[in-house]
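Below is one structure, written out as structure tokens; the observations come after it.
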Amino acid sequence: MSMNDPLGDMLTRIRNAQMRGKTSVVSPASKVRAWVLDVLESEGYIRGYEKVDGADGHPALRIELKYFDGEPVIRELKRVSTPGRRVYSGVKDIPQVRQGLGVAIVSTPRGVMSDAQARSANVGGEVLCTVF
């Protein structure tokens with residue numbers, strides 16, 4: 001995973017931190033990353049996040065991870081669209097994750113939103129990742 005895929009890097013950091021049972025993880029800040037975190041927070045997958053100064057002095061995001069009965073709330077976090085292979089969906093083709101138990105995060109002309117929000121706003125877009 002190279003830094004050609006900053007979002008993929010953040011998702012990997014979240015997965016790795018959860019495997020180690022960490023309460024929070026820091027990722028370099030970017031607008032897209034913050035937008036994805038907004039959806040993860042509103043859908044209840046993370047406690048929240050805050051902007052902090054990273055070790056290198058660059059802005060970073062501290063992501064507060066969420067556990068239930070000692071298990072990470074996020075069981076699966078998959079990158080769908082990558083810099084090398086972009087995945088776009090029309091509103092009718094936005095994937096359902098685990099029969100609607102999970103969430104697809106879609107970057108639409110109206111912003112980054114969950115698959116349910118994109119359907120109700122009747123917009124498609126780039127399927128950034130799925131969460132379950």
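Identifiers in this document derive from the order of the structure tokens: chains are assigned A, B, ..., residues are numbered from 1 separately in each chain, and ligands are numbered from 1 in order of occurrence.
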
Mind checking which residues fall within 10 Å of A:Leu77, counting only C-alpha atoms, ignoring those fewer than 6 positions away in the same chain, and posting them as a PDB file with N, CA and C atoms, in the first residue's frame?
```
ATOM      1  N   GLY A   8      -6.860   4.590   1.027  1.00  0.00           N
ATOM      2  CA  GLY A   8      -6.569   3.179   1.306  1.00  0.00           C
ATOM      3  C   GLY A   8      -5.615   3.039   2.479  1.00  0.00           C
ATOM      4  N   LEU A  11      -7.597   3.464   5.684  1.00  0.00           N
ATOM      5  CA  LEU A  11      -8.404   2.286   5.992  1.00  0.00           C
ATOM      6  C   LEU A  11      -7.524   1.184   6.568  1.00  0.00           C
ATOM      7  N   THR A  12      -6.324   1.025   5.996  1.00  0.00           N
ATOM      8  CA  THR A  12      -5.393   0.017   6.497  1.00  0.00           C
ATOM      9  C   THR A  12      -4.966   0.346   7.929  1.00  0.00           C
ATOM     10  N   ILE A  14      -6.709   1.904  10.136  1.00  0.00           N
ATOM     11  CA  ILE A  14      -7.840   1.583  11.018  1.00  0.00           C
ATOM     12  C   ILE A  14      -7.885   0.080  11.272  1.00  0.00           C
ATOM     13  N   ARG A  15      -7.767  -0.712  10.201  1.00  0.00           N
ATOM     14  CA  ARG A  15      -7.799  -2.175  10.361  1.00  0.00           C
ATOM     15  C   ARG A  15      -6.693  -2.651  11.288  1.00  0.00           C
ATOM     16  N   GLY A 102     -24.320  -3.604   5.986  1.00  0.00           N
ATOM     17  CA  GLY A 102     -23.120  -2.775   5.894  1.00  0.00           C
ATOM     18  C   GLY A 102     -23.424  -1.505   5.113  1.00  0.00           C
ATOM     19  N   VAL A 103     -22.383  -0.733   4.896  1.00  0.00           N
ATOM     20  CA  VAL A 103     -22.549   0.557   4.231  1.00  0.00           C
ATOM     21  C   VAL A 103     -21.500   0.693   3.134  1.00  0.00           C
ATOM     22  N   ALA A 104     -21.932   1.180   1.974  1.00  0.00           N
ATOM     23  CA  ALA A 104     -20.976   1.575   0.944  1.00  0.00           C
ATOM     24  C   ALA A 104     -20.833   3.086   1.049  1.00  0.00           C
ATOM     25  N   CYS A 129     -15.430   2.872  -0.626  1.00  0.00           N
ATOM     26  CA  CYS A 129     -15.141   1.703   0.186  1.00  0.00           C
ATOM     27  C   CYS A 129     -16.443   1.145   0.752  1.00  0.00           C
ATOM     28  N   THR A 130     -16.364  -0.055   1.312  1.00  0.00           N
ATOM     29  CA  THR A 130     -17.514  -0.643   1.979  1.00  0.00           C
ATOM     30  C   THR A 130     -17.117  -0.978   3.410  1.00  0.00           C
ATOM     31  N   VAL A 131     -18.096  -0.894   4.294  1.00  0.00           N
ATOM     32  CA  VAL A 131     -17.879  -1.184   5.712  1.00  0.00           C
ATOM     33  C   VAL A 131     -18.923  -2.183   6.153  1.00  0.00           C
ATOM     34  N   PHE A 132     -18.498  -3.097   7.011  1.00  0.00           N
ATOM     35  CA  PHE A 132     -19.460  -4.031   7.580  1.00  0.00           C
ATOM     36  C   PHE A 132     -19.060  -4.287   9.011  1.00  0.00           C
TER      37      PHE A 132
END
```

Query raised in the report: Can you list, as a list in words, every protein, DNA or RNA residue that comes within 12 Å of A:Ser42 when you count only C-alpha atoms, leaving out same-chain residues fewer than 4 positions away?
Result: Trp35, Val36, Leu37, Asp38, Ile46, Arg47, Gly48, Tyr49, Val103, Ile105, Val112, Met113, Ser114 and Gln117 of chain A

Query - Residue nearest A:Lys51 among A:Lys31, A:Tyr67, A:Val39, A:Ala118 (counting only C-alpha atoms) - result: A:Lys31

Query - Residue contacts of stretch 93-95 of chain A (8 Å, only C-alpha atoms) excluding same-chain residues fewer than 5 positions away, as a ChimeraX atom specification - result: /A:104,115,119,124,127

Report task. Tell me which protein, DNA and RNA residues are within 10 Å of A:Pro72, counting only C-alpha atoms, leaving out same-chain ones fewer than 4 positions away, and put them as a VMD selection string. Result -> chain A and resid 15 17 to 19 21 to 23 45 to 46 65 to 68 76

Report summary line: Atom pair atom CA of A:Arg85 + atom CA of A:Asp9, distance 15.8 Å

Query raised in the report: When DSSP works through the backbone of this structure, what residues of chain A end up as helix (DSSP H, G or I), shown as a PyMOL selection string?
Result: chain A and resi 6-19+31-42+91-93+98-100+115-121

Query - Distance criterion (only C-alpha atoms): nearest to A:Arg86 out of A:Ile63, A:Leu128, A:Ser24, A:Gln99 - result: A:Leu128

**Report entry** Pairwise distance for atom CA of A:Tyr88 and atom CA of A:Asn16, rounded to one decimal in Å
**Finding:**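 Straight-line distance from atom CA of A:Tyr88 to atom CA of A:Asn16 works out to 27.2 Å.
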
Query raised in the report: In terms of the shortest atom-to-atom distance over only C-alpha atoms, which of A:Ala116, A:Ser30, A:Gln96, A:Arg20 is closest to A:Glu43?
Result: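 Checking each of A:Ala116, A:Ser30, A:Gln96, A:Arg20 against A:Glu43, counting only C-alpha atoms, the winner is A:Ala116.
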
Query raised in the report: Of the residues A:Lys78, A:Arg110, A:Met10, A:Glu64, which is the one nearest to A:Gly44, using only C-alpha atoms?
Result: A:Glu64

Report summary line: From the list A:Ala121, A:Pro28, A:Gly54, A:Val106, the nearest residue to A:Ser81 using only C-alpha atoms is A:Val106

**Report entry** Residues of chain A in strand (DSSP E or B), written as an MDAnalysis selection string
**Finding:** chainID A and resid 24:28 46:53 59:65 67:68 71:72 77:79 88:89 103:108 111:114 125:131

Report task. Please measure the separation of atom CA of A:Pro6 and atom CA of A:Ser89, giving the value in Å to one decimal. Result ->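 Pair atom CA of A:Pro6 / atom CA of A:Ser89 returns 21.3 Å.
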